Amino acid sequence: MGNSLITGLDFSPKSVKAVVLKQTSQALRLICCKEIPIEMYVFSDNFTQDYQEIVKKLKELRKSLPSNSRKVSITIDDALVISKKIQIDSVLEGSERLHALTTAMSQQLACYPNELSIDFFASDGDSSNHLSNGYQCNHTCYQVYATKKSYAIHITQALEKAGFKPILMDSKARCLAFVWQHICQINSLENWLLVYSIGVRLILCISPRETEPYIHTLHAINPSEVTFDNAFATKQFIDEVKRFKLNCAAESIKGICFSGENKPTGDELERLSSILKLPCKTISLLSIIQHLCTASHFVEASEELSFLMAAGASMSGLQWLVESKIA
């Protein structure tokens, strides 16, 4: 594992960010951060458009990275990923399990199985036993993630043409959760809830050790609805945290960290802490980059989220390498 380098890529409307991480025996090590400016139209949802321009930009990025960082893990927009829990017969394994999950997912999404690319993991505690036609049946519940196969193929082909070796795609929210899990581990914040504000979104995430993260995104109509300086927005947030605590499968939330564009002030933190009966504080998630890097890897605060997503994609890829035992 000591020689494993993974490049995490995050595509945004104006640039593509790359973060190369290496897993050492002690900790993660940042090898480099890179950004390639692009025209807004190049990395659109439809990768069939401007294919040659896409490959050209990716080749430019590839040349700026270390020669042994070809393996890439890619973020994809949350809107392009659908997640559902599906139960199937526990005896199914390998290709039969994949076929059953893909078929069940396609039925729920009203599309053909060959139109989907899926990933999945067993959801702990959601298995069931029941009788069917007089026989005992065991079912295992899986958390299934699906995206359009055409999108996965287009982006994979472009990356391969540019000299990369794609190994994994993950949603932006899950990549952020990997970063949060790492920050919790190095700062003793186990079972703390992250509230990240960006534009008109609030991302809520808790990422307990050795379990899947629980993530929920709130979408507001305008930015004033994701601030904490008015009573209505604050009440909405408090109600949402209470619902989040009920739905979250993790242990009790131990505290809340606020990050992003619209963090509550000192007085607002005290008020939220008093109402929720939880310690509340603000944190810069850019600390994950600062923690790993030297001065030569300075990251502008305005680009924080995209670099964090790329770092999370790299972490996701490193974990996948360990679990698949191919590193």
# chains A, B, ... in the order shown; residues from 1 in each chain; ligands from 1
$ residues_around --residues "Asp77 (chain A)" --least-positions-apart "3" --cutoff "8 Å" --atoms "only C-alpha atoms" --output "VMD selection string"
chain A and resid 80 to 81 171 to 172
$ write_last_selection --atoms "C-alpha atoms" --output "PDB file, in the first residue's frame"
ATOM      1  CA  LEU A  80     -26.491  12.171 -11.672  1.00  0.00           C
ATOM      2  CA  VAL A  81     -26.498   9.544  -8.896  1.00  0.00           C
ATOM      3  CA  SER A 171     -20.802  11.216  -5.778  1.00  0.00           C
ATOM      4  CA  LYS A 172     -19.623  14.628  -4.620  1.00  0.00           C
TER       5      LYS A 172
END
$ closest_atom_pairs --of "region 68-116 of chain A" --to "region 160-166 of chain A" --cutoff "10 Å" --atoms "only C-alpha atoms" --output "tab-separated table"
residue	atom	partner	partner_atom	distance
A:Ser69	CA	A:Phe164	CA	8.2
A:Arg70	CA	A:Phe164	CA	4.7
A:Lys71	CA	A:Lys165	CA	4.6
A:Val72	CA	A:Pro166	CA	4.8
A:Ser73	CA	A:Pro166	CA	6.2
A:Ile74	CA	A:Pro166	CA	7.6
$ write_last_selection --atoms "N, CA, C and O atoms" --output "compact mmCIF listing (two decimals), in the first residue's frame"
# COMPACT_ATOMS: atom_id res chain seq x y z
N SER A 69 0.94 8.73 -11.20
CA SER A 69 -0.37 9.06 -10.62
C SER A 69 -1.48 8.89 -11.66
O SER A 69 -2.43 9.66 -11.69
N ARG A 70 -1.35 7.86 -12.50
CA ARG A 70 -2.33 7.64 -13.57
C ARG A 70 -3.70 7.19 -13.04
O ARG A 70 -4.73 7.47 -13.64
N LYS A 71 -3.71 6.45 -11.92
CA LYS A 71 -4.98 5.97 -11.38
C LYS A 71 -5.79 7.14 -10.85
O LYS A 71 -5.30 7.95 -10.06
N VAL A 72 -7.04 7.23 -11.32
CA VAL A 72 -7.88 8.36 -10.92
C VAL A 72 -9.22 7.89 -10.35
O VAL A 72 -9.79 6.89 -10.78
N SER A 73 -9.67 8.64 -9.38
CA SER A 73 -11.01 8.49 -8.81
C SER A 73 -11.73 9.81 -9.06
O SER A 73 -11.18 10.88 -8.81
N ILE A 74 -12.95 9.75 -9.57
CA ILE A 74 -13.63 10.91 -10.12
C ILE A 74 -14.90 11.22 -9.33
O ILE A 74 -15.65 10.31 -8.96
$ atom_distance --atom1 "CA of Ala104 (chain A)" --atom2 "CA of Arg174 (chain A)"
22.9 Å
$ residues_around --residues "Ser83 (chain A)" --least-positions-apart "6" --cutoff "7 Å" --atoms "only C-alpha atoms" --output "list in words"
Gln143, Val144, Tyr145 and Ala146 of chain A
$ residues_around --residues "region 313-322 of chain A" --least-positions-apart "3" --cutoff "10 Å" --atoms "only C-alpha atoms" --output "ChimeraX atom specification"
/A:1,4-10,18-23,28,71-76,166-172,174-179,182,307-310,325-327
$ closest_residue --among "A:Arg201, A:Lys263, A:Lys245, A:Arg62" --to "His219 (chain A)" --atoms "only C-alpha atoms"
A:Arg201
$ select_by_dssp --residues "region 12-133 of chain A" --states "strand (DSSP E)" --output "PyMOL selection string"
chain A and resi 15-23+28-37+71-76+82-89+116-122+128-132
$ atom_distance --atom1 "CA of Lys56 (chain A)" --atom2 "CA of Glu115 (chain A)"
27.8 Å
$ atom_distance --atom1 "CA of His154 (chain A)" --atom2 "CA of Glu303 (chain A)"
26.1 Å
$ residues_around --residues "Ser15 (chain A)" --least-positions-apart "2" --cutoff "8 Å" --atoms "only C-alpha atoms" --output "ChimeraX atom specification"
/A:11-13,17,35-40
$ closest_residue --among "A:Leu272, A:Ala311, A:Leu204, A:Ile155" --to "Val55 (chain A)" --atoms "only C-alpha atoms"
A:Ile155
$ residues_around --residues "Ile86 (chain A)" --least-positions-apart "6" --cutoff "10 Å" --atoms "only C-alpha atoms" --output "number ranges by chain"
A: 100-102, 104-105, 108, 120, 122-123, 126, 139-144
